[in-house]
Structure formats: C-alpha cells, structure tokens
Amino acid sequence: MGAEAVRLSVVSADGAVDFSLIAARAAFGKLEGWAMSEEACALPEHEVEAGLQTRGREAIRLMLQAHMNRRGTGRVGAALSVVRPEGETVRSDARTDERKIVSIFGDVTARRTAYAAPGRESVHPLDEKASLPARSFSYEVQRRVVDESVRGPFDEAVESIEKTTGNVLSKRSAEEIAADAAEDFDAFYQERKAPPAEGTGPVLVAAVDCKGVPLVKPDGAAHAARRKKGEKANRKKMATVAAVFTQRPRIRTPEGVAAGLFDDEPQEHTPRSRPEQKRVRASIEKTKDEVIAEAVAEMDARDPEGAKLRVAVTDGERALMILRGGVSQVVKGMRGSATKRGLTGAKRKAVDSAAGYFMRNRDRMRYDTYLATGLPIASGAVEGACKNLVKDRMERSGMRWQVPGAEAVSKLRAVKLSGDMDEYWPFHIAREQARLFGGRTWSAVANAK
C-alpha cells in the first residue's frame, strides 16, 4: 500500500484524521514486536499465550473503536421528519452526543447525531443502523453472560466474563441481562417452525412433572426459631416441567419390566428407545394447566395430521400386578391387608389415600396394553428435565430465588438444553430492535431551516 493510500485510509468521511485507527495499527505492530522479542522468547509458552490475549484484546478494542468512528455519527441531514402513530414531528440535529458500548474487547464510544424536538425523546439514526442494544452491553457480551448464567450462579458468570473479556460487571447487571434475554421465549416457540416429523418415531410423547424452587423470604417475614413438625427449612414454589419428544416403540412384558426394577441378576431386554427431537420447558410463574396446554400445542404443531400415536406421561407407582393391568386387584389387596393388620389412624389413612388414587386413575393405568404396544410408561425423560432444568441450577447450596429471576433462568436454560440457543439469540435481537425502533419511521427533511 502506497503512502497516499495509507493516508487516505486513516481519514474519516468528514475529512478528520482517525487517530483510533492509527492507534490500532500501532498496537498490532507492538503486539507483533512483543511476540517476536527476546523477552517473550524467554517466557514459557503459556505465559506468552496469556500476554498475547491481554495485549491482543486492547489492539482489537482500538480497531473496533476505529470501526465505530468509520461508521460516522449517523447524520442524514439537517432535520428529520419522525412519524409515530400519534402524529409527525420534525426534529433538528441540535447536538452530537456519545454513547458507551461495552464490547467483549472493552469499552468503545459511539459518537451520534441526536435529532431532538421539545418534549420528545431524541432520535439517533446510528443506533438503528448499527443495531445497538438498549443496554450499554453489546449483544455479544450479553450472549456470553446468558451462556454463563444458565450454566451456574451469577457470581460465577460475572467472574468468567471478567476472565475472558476483561469486563467487570455486577451480579445485578447479569441478572437484568438474563431477564431481558428471556423476554422473547414464548414468542420464539410460538413462531418457530416445528421440527420435521419425517424420519422420527411414530410415538409422540408429552411428559409433565414438577420440581420445587427455593424462594427468598418475603420482606417482613417473621423468623421462626424452631420449625414445626413436618415444616421444611426452605420455602419453595413448584415449577412445572414438560418435555415433548418422539420415539420408536419398545415392546416389553410386565414381568420383564419388574425384573429390571427389582432383580439383582441382569435380564434380557429390548434396546432402549431414546427420545428424539426432545424439547423441554419449565415455568414457575405459569400454572400447570398452562404448561400442559403449551405442550399439547407443540404436539399439534409437530403432528398436525394426527398421524402419530400420542402419549401423556406423568409420575406414577410401580408393582407387577399394576404392570399387568390389575389395578382393581391391587386396590382390593391393599385394603384387605390393612384390615388384617389392624391399621388405624394415620397409617390406615395413608393406605386408603394410595388406594383411592389408584382407583381414580385406573383407566389411565392400563400398563399391560401400553407395554404390549411399545409405549413409554416411565417418566424418566421429564424427571431428567427436572434435574437438568431446575435442580442442577436452582437448588445449589444456599441458593434462593425470586420468582421473576427463576422464571427467566428456567426459560433460558430450556432454550439451551433444547439446543435452540443459536436460533433464539438472533430472534431475540430482532425482537428487541423492533421494540426499540419499530414504532416509528423517519426521513430526512429537505431544505430544513
């Protein structure tokens, strides 16, 4: 590149010299110089890696700043005509302001033309053109915060972000980023095209279970010196967890299932039928009926023609006679045994309660038919979802949640565990951009005074 080309490349659109680009080039030169220096060659390789990461991050930050400068301020004319549903206003470019952007390389500044009118918020065309987020943290920083927050505690998330990007953010900021990121969960799955049914098993399963989430004590809650009998240490609210998936039939016998549960000797068994295209969800704010309705809606979307055999699985009990379909006989035996043993009071009440549960649900407990057809009878898939979605993240030692925070994390964790984050994140960005800029249109005003 000739000297004139170099000179022109560091001149911005308004004719000013872009010193940030000059600084970036100098930083990259220094980075190369350090990497090839005798000082670096005398260091262990891992220390050179760490040094290049720190020095390289600053060089890239300067290049990103140069990029932002090259975008200009977003000025499109002397004034804008801004049209909203309530009417049109004309705004003039009274000033140029600055906005900080916290990137994965460090802080950069966006210089923006602000079009203002009395009593109206300013309009910044650069924000819209560059798809800047509502928060000062870039979308890439936010994505990394979300990834870390769904894995583990917010404290660990902010610590990881500091190590990998050099940015220091508060736990509160991480919590707010997660809450914002979860806002488009419902819309994403309502608009998302269902996975193709072709090539998947003929059985479509919806499994539902519940898991408790420990909550923080409400303000003003009285401290109890001693807990009453049966009272738990932690106040919990139940999260409803659902899993929807397809699978292939697995035909078994009641005896084979019972042997697998209770016998020490290994038994011959048919190969396990693994869930396909498993999608999980959990909610602490919604009722169980609402979560079940969402699972049913997903089943409809996956199988609009009703070609697959649909199965609903919830928690249950295990016994050989029940697996053979003899629920009434089991109930009769339970009650007869309790009478012969002379059970009374709480013990008899417990037996009668269990027997009553079986009788009320006997039409749903035709396990002999289910096994012969190859349908799933166990709730392991949703129990695994309870563990992965809720327990592993929300029931760690000392953790207490407020309902909105638990809801946000459960949604984001569901997206991650369902393998949808790479699709969800651009969707979330597009939705936030629409919220920020979609309620108006603007155009430059010709010959504005």
# chains A, B, ... in the order shown; residues from 1 in each chain; ligands from 1
call {"tool": "residues_around", "arguments": {"residues": "Ala297 (chain A)", "least_positions_apart": "5", "cutoff": "12 Å", "atoms": "only C-alpha atoms", "output": "MDAnalysis selection string"}}
result
chainID A and resid 189:191 194 206 244 290:292 302:304
call {"tool": "write_last_selection", "arguments": {"atoms": "C-alpha atoms", "output": "compact mmCIF listing (two decimals), in the first residue's frame"}}
result
# COMPACT_ATOMS: atom_id res chain seq x y z
CA TYR A 189 -41.64 -21.08 20.30
CA GLN A 190 -45.00 -19.81 19.09
CA GLU A 191 -43.49 -18.62 15.80
CA ALA A 194 -41.90 -27.35 14.36
CA ALA A 206 -45.59 -35.27 26.32
CA VAL A 244 -42.11 -33.23 24.28
CA GLU A 290 -50.90 -23.53 31.11
CA VAL A 291 -47.68 -25.51 30.75
CA ILE A 292 -49.61 -28.63 29.76
CA ARG A 302 -45.36 -31.42 15.33
CA ASP A 303 -48.16 -33.70 14.22
CA PRO A 304 -50.86 -31.55 12.58
call {"tool": "residues_around", "arguments": {"residues": "Leu62 (chain A)", "least_positions_apart": "5", "cutoff": "10 Å", "atoms": "only C-alpha atoms", "output": "PyMOL selection string"}}
result
chain A and resi 19-28+56-57+67-68+105-108
call {"tool": "closest_residue", "arguments": {"among": "A:Ala174, A:Gly166, A:Arg120, A:Ala282", "to": "Ser149 (chain A)", "atoms": "only C-alpha atoms"}}
result
A:Ala174
call {"tool": "residues_around", "arguments": {"residues": "Ala79 (chain A)", "least_positions_apart": "4", "cutoff": "12 Å", "atoms": "only C-alpha atoms", "output": "list in words"}}
result
Arg75, Thr89, Val90, Arg91, Ser92, Asp93, Ala94, Arg95, Thr113, Ala114, Tyr115, Ala116, Ala117, Ser122, Val123, His124, Pro125, Trp442, Ser443, Ala444, Val445, Ala446, Asn447, Ala448 and Lys449 of chain A
call {"tool": "residues_around", "arguments": {"residues": "Gln247 (chain A)", "least_positions_apart": "3", "cutoff": "10 Å", "atoms": "only C-alpha atoms", "output": "list of chain:residue names"}}
result
A:Thr200, A:Gly201, A:Pro202, A:Val203, A:Leu204, A:Val205, A:Arg250, A:Ser273, A:Arg274, A:Pro275, A:Glu276, A:Gln277, A:Lys278, A:Leu375, A:Pro376
call {"tool": "write_last_selection", "arguments": {"atoms": "C-alpha atoms", "output": "PDB file, in the first residue's frame"}}
result
ATOM      1  CA  THR A 200     -38.833 -39.861  13.565  1.00  0.00           C
ATOM      2  CA  GLY A 201     -40.595 -42.481  15.630  1.00  0.00           C
ATOM      3  CA  PRO A 202     -44.375 -42.964  15.397  1.00  0.00           C
ATOM      4  CA  VAL A 203     -44.924 -42.240  19.108  1.00  0.00           C
ATOM      5  CA  LEU A 204     -45.264 -38.592  20.174  1.00  0.00           C
ATOM      6  CA  VAL A 205     -44.811 -38.123  23.912  1.00  0.00           C
ATOM      7  CA  ARG A 250     -40.317 -50.637  22.642  1.00  0.00           C
ATOM      8  CA  SER A 273     -35.850 -46.318  22.731  1.00  0.00           C
ATOM      9  CA  ARG A 274     -34.161 -42.935  23.003  1.00  0.00           C
ATOM     10  CA  PRO A 275     -36.145 -39.676  22.838  1.00  0.00           C
ATOM     11  CA  GLU A 276     -35.884 -37.857  19.513  1.00  0.00           C
ATOM     12  CA  GLN A 277     -36.073 -34.090  18.993  1.00  0.00           C
ATOM     13  CA  LYS A 278     -36.629 -33.627  22.719  1.00  0.00           C
ATOM     14  CA  LEU A 375     -45.444 -47.173  24.586  1.00  0.00           C
ATOM     15  CA  PRO A 376     -43.382 -45.479  27.305  1.00  0.00           C
TER      16      PRO A 376
END
call {"tool": "closest_residue", "arguments": {"among": "A:Pro426, A:Gly336, A:Gly439, A:Gly33", "to": "Asp184 (chain A)", "atoms": "only C-alpha atoms"}}
result
A:Pro426
call {"tool": "closest_residue", "arguments": {"among": "A:Arg135, A:Lys237, A:Lys100, A:Arg71", "to": "Gln402 (chain A)", "atoms": "only C-alpha atoms"}}
result
A:Lys237
call {"tool": "select_by_dssp", "arguments": {"residues": "region 157-243 of chain A", "states": "alpha helix (DSSP H)", "output": "list in words"}}
result
Ala157, Val158, Glu159, Ser160, Ile161, Glu162, Lys163, Thr164, Thr165, Lys171, Arg172, Ser173, Ala174, Glu175, Glu176, Ile177, Ala178, Ala179, Asp180, Ala181, Phe185, Asp186, Ala187, Phe188, Tyr189, Gln190 and Glu191 of chain A
call {"tool": "write_last_selection", "arguments": {"atoms": "C-alpha atoms", "output": "PDB file, in the first residue's frame"}}
result
ATOM      1  CA  ALA A 157     -20.893 -15.896  35.480  1.00  0.00           C
ATOM      2  CA  VAL A 158     -19.536 -12.395  36.127  1.00  0.00           C
ATOM      3  CA  GLU A 159     -16.213 -13.875  37.225  1.00  0.00           C
ATOM      4  CA  SER A 160     -15.954 -15.846  33.987  1.00  0.00           C
ATOM      5  CA  ILE A 161     -16.829 -12.783  31.886  1.00  0.00           C
ATOM      6  CA  GLU A 162     -14.092 -10.797  33.598  1.00  0.00           C
ATOM      7  CA  LYS A 163     -11.526 -13.535  32.915  1.00  0.00           C
ATOM      8  CA  THR A 164     -12.427 -13.938  29.241  1.00  0.00           C
ATOM      9  CA  THR A 165     -13.190 -10.336  28.240  1.00  0.00           C
ATOM     10  CA  LYS A 171     -24.190  -9.554  39.612  1.00  0.00           C
ATOM     11  CA  ARG A 172     -27.248  -7.312  39.316  1.00  0.00           C
ATOM     12  CA  SER A 173     -26.334  -6.478  35.725  1.00  0.00           C
ATOM     13  CA  ALA A 174     -26.032 -10.171  34.917  1.00  0.00           C
ATOM     14  CA  GLU A 175     -29.447 -10.834  36.449  1.00  0.00           C
ATOM     15  CA  GLU A 176     -31.003  -7.985  34.447  1.00  0.00           C
ATOM     16  CA  ILE A 177     -29.400  -9.189  31.212  1.00  0.00           C
ATOM     17  CA  ALA A 178     -30.825 -12.666  31.802  1.00  0.00           C
ATOM     18  CA  ALA A 179     -34.287 -11.235  32.478  1.00  0.00           C
ATOM     19  CA  ASP A 180     -34.166  -9.197  29.258  1.00  0.00           C
ATOM     20  CA  ALA A 181     -32.890 -12.160  27.251  1.00  0.00           C
ATOM     21  CA  PHE A 185     -39.084 -17.117  24.901  1.00  0.00           C
ATOM     22  CA  ASP A 186     -42.823 -17.586  24.368  1.00  0.00           C
ATOM     23  CA  ALA A 187     -42.882 -15.720  21.055  1.00  0.00           C
ATOM     24  CA  PHE A 188     -39.938 -17.758  19.761  1.00  0.00           C
ATOM     25  CA  TYR A 189     -41.644 -21.081  20.305  1.00  0.00           C
ATOM     26  CA  GLN A 190     -44.997 -19.813  19.087  1.00  0.00           C
ATOM     27  CA  GLU A 191     -43.489 -18.625  15.797  1.00  0.00           C
TER      28      GLU A 191
END
call {"tool": "atom_distance", "arguments": {"atom1": "CA of Glu47 (chain A)", "atom2": "CA of Asp147 (chain A)"}}
result
27.3 Å
call {"tool": "atom_distance", "arguments": {"atom1": "CA of Ala406 (chain A)", "atom2": "CA of Asp300 (chain A)"}}
result
28.1 Å
